[in-house]
Amino acid sequence: MLNPADGGARRRGAEYVVERGVLDEYSLEEVARRRLHSNKPLVVDHLKDSLRCSVPRLKRSVLGCLPVLSWLPRYSIRDYALGDLISGISVGIMHLPQGMAYALLASVPPVFGLYTSFYPVLVYFLFGTSRHISIGTFAVISIMVGSVAERLGPDSNFLINGTNSTQEVNVTARDAYRVQVAATTTVVAGLFQVLLGLVRFGFVVTYLSEPLVRGYTTGAATHVVVSQLKYIFGVTTERFIGPFSLVYTIVDLVYRLPATNVGTLVVSLVSLVALIIVKELNSAYSQKLPLPIPIELIVIIVGTLISYYTHLHEFYGIDVVGAIPSGLNPPKTPDISIFTEVIGDAFAMAIVGYAINISLGKTFALKHGYKVDSNQELVALGLSNTVGGFFQCYCVTSSMSRSLIQESTGGKTQMAGVVSCVIVLITVLKLGPLFEQLPKAVLAAIVFVNLKGMFKQYLDIPALWRRNRVDLLVWLVTLLATLLLNLDLGLVASIAFALLTVIFRTQLPRYSLLGQVPRTGIYLDMDTYEEVRNIPGITIFRSSTTVYFANAELYLEALQEKTGFDIRKLLTQKKKMLAKQKRREKREKKRAEKEARNGVLKTAVERSEEIFSVEKTTDTWSERNGDWGRQNGGAPDTASALDTTATLASSYADTLSRDLSACSIGRGSLEIHSIILDLSTASFIDTVAIKMLRNIFLDFGEIDVDVYLAGCQACVVEQLERGDFFSHTITKGQLFATVHDAVLYCLRKQGAPTAHIYDCVLDMTSSTHL
């Protein structure tokens, strides 16, 4: 209810008044009418619903499996055709140089990069849900494929004797085997993606955080650059595999730099300069240019013409692409015998490829206002890889550069992908042999320039330093693991470290004591806010994360530290005091029996009654703490016995209080009569945490400190019930809807006057029924 109070200068916003009673869990369930049974359908109902067949359900299933049927019948030629045509031609032109260049990264002949730019794109057209991403070759995935191909098909396995008794490599046999390895790995990766999509496991990508993916792609880009340096300098280097292979490759490259082919280096530098200048012009004048200048294609054409007419290969020893067959290859079954050897690499490619694909897809979907199905994207990408693998393609994902071109040049649907396929098909069928004299140094330069965006990701370091240093640590560890352990082991190590950071953050949360914002029902961290104040006699404790087995012990230790109680020492001291009391009572009993035998005037029964009467009138502190101060003893006469017993009881109570105070570790611990545990941050609670909470209630109860829970979510209350937390000693009356309710209850229980409660706790404009 809004309060139409005066709108003076001190008013900072709308004010409100709440008039209600204090709500513990019992009253909250009654007021809110908690459901006794869950309204979730049973497993049997789920099974029946999944097996039920109807025309609308069948239609949804077909459209879900073949998303192209949902938009292609409604395709508007007038609205979409021109934009898709221009976009498709632009992307198709980019496919040609990138396909051939990235094929070198995959350690297969360049023509297989063109195949990879054709078959998977057609499959994605049928099954994909994103309208703007460009499926095909990608540098990171290509280098991952190349690492597998060269590991299983090293040059040493294909050595032959040359004419001068030197060993040479049978390049034809080596390339054929590497193509087979790449295709088999692609099929296995595709099957992983399809299976994960069918079981609706698309959320697996959530374990690949953005810092992890960016750190991994930055490290992979470094691998790509190092792998292309041999083409830039025109030298032949050894192939290293496994951990630290990048370091070994750099050392070997530096060792061979004196043998640099000057002609190859000149071609590389000229290509790099031309590519960088034109790409910067494209970026600077992107708003004025109807289409970006296809500099990659221009460089390839010019480089091929110069190489052909000047005979660069024959006269200067510059390495060229070589024979490019015309036409398409028939499908071929993968090599099943190497499935077990590539399964780990294939799974890594499947996860990384999907992470890149879905991140780009969701970015464009959010920008253009449509939805991308993460599970269907997993299936579509998997089918693209599986089908492509049978046609000797290698693993694909979406390319950032081509996707941006497809979107910025007016592409509206995946029809742009079909147009790009036509461009690639024409090249494969008719134009492929024209690029046989293309220097590989030109392709390496294209790879270099296209990786500029990935190397800009090093700017994440200062940005993450300012925003979140844990994410920065994940980024750096991922980068180092990828560089030193190679791409497959690096990914595993990075994911493991990222998950460890989550565990560490839940194990080491921030524990705080809460104080009240004056005259409100709001409670904040007293170490963070200066104006909040403590409620006398009440400690409010909160953890910044949920409580479970990994941090339950830490929670208890932090509670003892913050409240100032060393509960173990206090309980041990209590046991010692009780034992001391029993020994004292035993001595007094023996003394009484001895005096009775010697003819003392008072009988043992009268003496016991007198002592009991005296102890009932002693310090109330001793009575509240289990009658720890009860004493037996006296003098031969009534007055003396009464005085002695009272003195002993008072002395004992003082001793116990002093000893318990010595065991405490905080500030005025024994002045605390109530502890409130704020569990509003807990999303779940397990059996270990439930046991820990039960012990807190019982142990603090032993030293006469009441414990209460506040702010529990409904799911946490249900878990407490199933864990048998509540009993005749711990009831739902000790669980409150809010911290404020718990504070009001504690003050009332301690007998605080109503005026004092209103003055210390309540809002000056509100009233609350107690």
# chains A, B, ... in the order shown; residues from 1 in each chain; ligands from 1
$ select_by_dssp --residues "stretch 152-330 of chain A" --states "strand (DSSP E)" --output "JSON, numbers by chain"
{"A": [159, 160, 161, 167, 168, 169]}
$ residues_around --residues "A:Gly234" --least-positions-apart "4" --cutoff "10 Å" --atoms "only C-alpha atoms" --output "JSON, numbers by chain"
{"A": [228, 229, 230, 257, 259, 260, 261, 262, 263, 264, 265, 268, 317, 318, 319, 440, 441]}
$ residues_around --residues "stretch 244-250 of chain A" --least-positions-apart "2" --cutoff "9 Å" --atoms "only C-alpha atoms" --output "PyMOL selection string"
chain A and resi 222-223+226-227+237-242+252-255+483-486
$ closest_residue --among "A:Val213, A:Ala550, A:Ile77, A:Ile295" --to "A:Leu272" --atoms "only C-alpha atoms"
A:Ile295
$ residues_around --residues "stretch 496-501 of chain A" --least-positions-apart "5" --cutoff "8 Å" --atoms "only C-alpha atoms" --output "PyMOL selection string"
chain A and resi 207+212+470+474+477
$ select_by_dssp --residues "stretch 369-409 of chain A" --states "alpha helix (DSSP H)" --output "list of chain:residue names"
A:Ser374, A:Asn375, A:Gln376, A:Glu377, A:Leu378, A:Val379, A:Ala380, A:Leu381, A:Gly382, A:Leu383, A:Ser384, A:Asn385, A:Thr386, A:Val387, A:Gly388, A:Gly389, A:Phe390, A:Met400, A:Ser401, A:Arg402, A:Ser403, A:Leu404, A:Ile405, A:Gln406, A:Glu407, A:Ser408
$ residues_around --residues "A:Leu431" --least-positions-apart "2" --cutoff "12 Å" --atoms "only C-alpha atoms" --output "PyMOL selection string"
chain A and resi 96+111+114+301+324-327+423-429+433-436
$ atom_distance --atom1 "atom CA of A:Asp373" --atom2 "atom CA of A:Ala183"
27.0 Å
$ atom_distance --atom1 "atom CA of A:Trp465" --atom2 "atom CA of A:Val502"
18.3 Å
$ residues_around --residues "A:Val352" --least-positions-apart "3" --cutoff "8 Å" --atoms "only C-alpha atoms" --output "count of residues only"
6
$ closest_atom_pairs --of "stretch 126-159 of chain A" --to "stretch 442-453 of chain A" --cutoff "12 Å" --atoms "only C-alpha atoms" --output "CSV"
residue,atom,partner,partner_atom,distance
A:Thr137,CA,A:Val447,CA,11.6
A:Phe138,CA,A:Val447,CA,10.1
A:Ala139,CA,A:Val447,CA,7.8
A:Val140,CA,A:Leu451,CA,9.8
A:Ser142,CA,A:Val447,CA,11.2
A:Ile143,CA,A:Val447,CA,11.4
$ residues_around --residues "stretch 407-409 of chain A" --least-positions-apart "6" --cutoff "8 Å" --atoms "only C-alpha atoms" --output "list in words"
Gly83, Ile86, Ser87, Ser90, His132, Ile133, Pro290 and Leu291 of chain A
$ closest_residue --among "A:Gln437, A:Thr681, A:Thr482, A:Gln750" --to "A:Ser307" --atoms "only C-alpha atoms"
A:Gln437
$ atom_distance --atom1 "atom CA of A:Leu438" --atom2 "atom CA of A:Val179"
20.9 Å
